[in-house]
Amino acid sequence: MKRKHIVYFDYLRFIGAILVVYIHVASPLVSGDIPMNFPGSCFLIFLLTIAYTAVPMFFMMSGYLILTDSKTQMISTLKHRIVHLALPLLFWTVIVALWAMIRDHDFSLADFVGYVLSGFSAPIMQHFWYVYTLVALYILSPIIYSAVNGLKTEGKKYLIMLIILVFIQTMVTAIVPDNQKNEVLIKPLSDLKLLGGHLLTFVSGYFLGNIKKRIPNIILVIIALADFIFISCMTVYITLDTGYSGVIQDQGGGFTVLLAACIFLLFKQNISEGKSKSRLTPFVKMSFGIYLMHNLLNRVLSYFGWEVTGVLTVFMKTAVIVILCYLVIKTLATIKPICFLASGVPYSNANESFNWRYTIRKLNSRSGLKGDNK
């Protein structure tokens, strides 16, 4: 039986895709690599607090979808899912390698092959780390599925408490001075922060998505607002004291995961599930391809002289990158041999959801309806 479309996931993915682009565009200003006035830097840091919830929300959504799907137990399903991640990753790794050769005026075939092969041991572009972690989670998913779904009520309560304790420890260790961290560190809990904490975020998505009892919006908003202000103000304070550090905004840390969980639940509780699809669905279908491409485009634009200099240029560059990635992925998905490699979506599915063939068909359909109504 086909799973019912989850509409609020479309909104979370759409917002998350834009926030991820913002992170990489704004980072040179926030980190101080490009000088900026303090008020502008503070504003970008506050926005960055929201932006850093994007990756935890992506892990939560993946966790819910995978750990509630009985097909996860099947090795054939695992192979299918990994291919959908690995081939697009390899394709964009090759594109990045080609760009690096052009940028460095190095056209050695041996260097190119070595550069591509290095992608098996480490991401050759910063943002690819997310896909590597997701592949690791997929590899573990049959085991995690059986473990989580095999637990009785008491076992699930225990697992939830364990996740909470691990994230509380990440909060405590993030705010205490470095010379006092060992005094508050509980080693067994620290060792459970597997895959940078993203394994627990992945599993928490299963529990968040399955919450039946509605949590009052006002409570979620108060928690989210308090957490947001604390993360942002502490990050600004640390920036003034020692320079920018993302320790409080850590995407695998408790503060950011808590904020992401509140946003996740607010969307879950307040977006109607009445429609089978939303208007955002075509963009969302492209979101993986956009994610893989966006930072390469950011680097290319910087290479040709478009560096951000302030808040306005950050917004402008973010918007341009999102739009260009949208157009490029949509176009590549219209070319049958490249569609899956560029987007991770089979050509037949792209024809039914987002590529130019789909758009033209929709436009023709609307024109036909207007003609019939005259």
# chains A, B, ... in the order shown; residues from 1 in each chain; ligands from 1
$ residues_around --residues "Val184 in chain A" --least-positions-apart "6" --cutoff "10 Å" --atoms "only C-alpha atoms" --output "list of chain:residue names"
A:Gln169, A:Val172, A:Thr173, A:Val176
$ residues_around --residues "Asn270 in chain A" --least-positions-apart "4" --cutoff "12 Å" --atoms "only C-alpha atoms" --output "ChimeraX atom specification"
/A:7-9,11,214-217,220,263-266,274
$ write_last_selection --atoms "N, CA, C and O atoms" --output "compact mmCIF listing (two decimals), in the first residue's frame"
# COMPACT_ATOMS: atom_id res chain seq x y z
N VAL A 7 1.93 16.29 3.80
CA VAL A 7 1.99 17.65 3.26
C VAL A 7 2.93 18.54 4.05
O VAL A 7 3.69 19.32 3.47
N TYR A 8 2.92 18.44 5.38
CA TYR A 8 3.78 19.35 6.15
C TYR A 8 5.26 19.08 5.92
O TYR A 8 6.09 19.98 6.10
N PHE A 9 5.60 17.88 5.46
CA PHE A 9 6.99 17.60 5.09
C PHE A 9 7.40 18.45 3.88
O PHE A 9 8.56 18.84 3.77
N TYR A 11 6.49 21.50 3.23
CA TYR A 11 6.82 22.83 3.74
C TYR A 11 8.17 22.83 4.47
O TYR A 11 8.99 23.74 4.29
N ARG A 214 -1.88 16.14 21.01
CA ARG A 214 -1.50 17.47 20.56
C ARG A 214 -0.88 18.26 21.71
O ARG A 214 -1.43 18.34 22.80
N ILE A 215 0.29 18.85 21.43
CA ILE A 215 0.95 19.73 22.41
C ILE A 215 0.50 21.15 22.12
O ILE A 215 0.57 21.58 20.96
N PRO A 216 0.02 21.88 23.11
CA PRO A 216 -0.47 23.26 22.85
C PRO A 216 0.59 24.08 22.10
O PRO A 216 1.77 24.08 22.47
N ASN A 217 0.14 24.76 21.06
CA ASN A 217 1.06 25.57 20.25
C ASN A 217 1.82 26.58 21.09
O ASN A 217 3.00 26.84 20.84
N LEU A 220 4.90 25.09 22.64
CA LEU A 220 5.95 24.87 21.64
C LEU A 220 6.59 26.19 21.24
O LEU A 220 7.82 26.27 21.09
N ILE A 263 9.84 23.17 15.86
CA ILE A 263 9.38 23.58 14.53
C ILE A 263 8.68 22.41 13.83
O ILE A 263 7.62 22.57 13.22
N PHE A 264 9.28 21.23 13.93
CA PHE A 264 8.71 20.01 13.35
C PHE A 264 7.28 19.80 13.85
O PHE A 264 6.34 19.58 13.07
N LEU A 265 7.09 19.89 15.16
CA LEU A 265 5.77 19.65 15.74
C LEU A 265 4.78 20.76 15.41
O LEU A 265 3.59 20.49 15.21
N LEU A 266 5.24 21.99 15.35
CA LEU A 266 4.35 23.10 14.99
C LEU A 266 3.80 22.91 13.57
O LEU A 266 2.61 23.14 13.32
N GLY A 274 -5.25 17.53 4.27
CA GLY A 274 -6.37 17.26 3.37
C GLY A 274 -5.96 16.97 1.94
O GLY A 274 -6.59 16.19 1.25
$ residues_around --residues "Val131 in chain A" --least-positions-apart "2" --cutoff "9 Å" --atoms "only C-alpha atoms" --output "MDAnalysis selection string"
chainID A and resid 85:86 89 127:129 133:136 292
$ residues_around --residues "His24 in chain A" --least-positions-apart "3" --cutoff "8 Å" --atoms "only C-alpha atoms" --output "list in words"
Val20, Val21, Ser27, Pro28, Asn295 and Asn298 of chain A
$ residues_around --residues "Ile124 in chain A" --least-positions-apart "5" --cutoff "10 Å" --atoms "only C-alpha atoms" --output "ChimeraX atom specification"
/A:92-94,96-97,115-119,129
$ residues_around --residues "Thr256 in chain A" --least-positions-apart "3" --cutoff "10 Å" --atoms "only C-alpha atoms" --output "list in words"
Thr49, Ile50, Ala51, Tyr52, Thr53, Ala54, Val55, Pro56, Met57, Phe167, Met171, Ala224, Asp227, Phe228, Ile231, Ile248, Gln249, Asp250, Gln251, Gly252, Gly253, Leu259, Ala260, Ala261 and Cys262 of chain A
$ closest_residue --among "A:Leu297, A:Leu363, A:Val25, A:Ile45" --to "Ile238 in chain A" --atoms "only C-alpha atoms"
A:Ile45
$ closest_atom_pairs --of "range 33-124 of chain A" --to "range 338-347 of chain A" --cutoff "7 Å" --atoms "only C-alpha atoms" --output "tab-separated table"
residue	atom	partner	partner_atom	distance
A:His84	CA	A:Gly344	CA	5.1
A:Leu85	CA	A:Gly344	CA	6.6
A:Leu87	CA	A:Leu341	CA	5.9
A:Pro88	CA	A:Leu341	CA	4.5
A:Phe91	CA	A:Leu341	CA	5.9
$ write_last_selection --atoms "C-alpha atoms" --output "mmCIF file, in the first residue's frame"
data_model
loop_
_atom_site.group_PDB
_atom_site.id
_atom_site.type_symbol
_atom_site.label_atom_id
_atom_site.label_comp_id
_atom_site.auth_asym_id
_atom_site.auth_seq_id
_atom_site.Cartn_x
_atom_site.Cartn_y
_atom_site.Cartn_z
ATOM 1 C CA HIS A 84 19.289 6.855 -4.867
ATOM 2 C CA LEU A 85 21.857 8.601 -2.666
ATOM 3 C CA LEU A 87 24.783 7.756 -7.685
ATOM 4 C CA PRO A 88 23.771 11.451 -7.470
ATOM 5 C CA PHE A 91 27.720 12.472 -10.248
#
$ closest_residue --among "A:Ser141, A:Thr334, A:Ser272, A:Asn37" --to "Ile75 in chain A" --atoms "only C-alpha atoms"
A:Ser141
$ closest_residue --among "A:Ile95, A:Thr281, A:Gly209, A:Leu137" --to "Met293 in chain A" --atoms "only C-alpha atoms"
A:Ile95
$ residues_around --residues "Phe112 in chain A" --least-positions-apart "5" --cutoff "8 Å" --atoms "only C-alpha atoms" --output "list in words"
Ala97, Leu98, Met101 and Phe107 of chain A
$ select_by_dssp --residues "range 38-280 of chain A" --states "helix (DSSP H, G or I)" --output "MDAnalysis selection string"
chainID A and resid 38:51 54:67 70:73 75:104 109:120 126:149 153:175 178:184 187:191 194:209 217:242 254:270
$ atom_distance --atom1 "CA of Val308 in chain A" --atom2 "CA of Ile290 in chain A"
20.4 Å
$ atom_distance --atom1 "CA of Leu185 in chain A" --atom2 "CA of Leu240 in chain A"
26.1 Å
$ closest_residue --among "A:Leu47, A:Met125, A:Val257, A:Ile218" --to "Ile164 in chain A" --atoms "only C-alpha atoms"
A:Val257
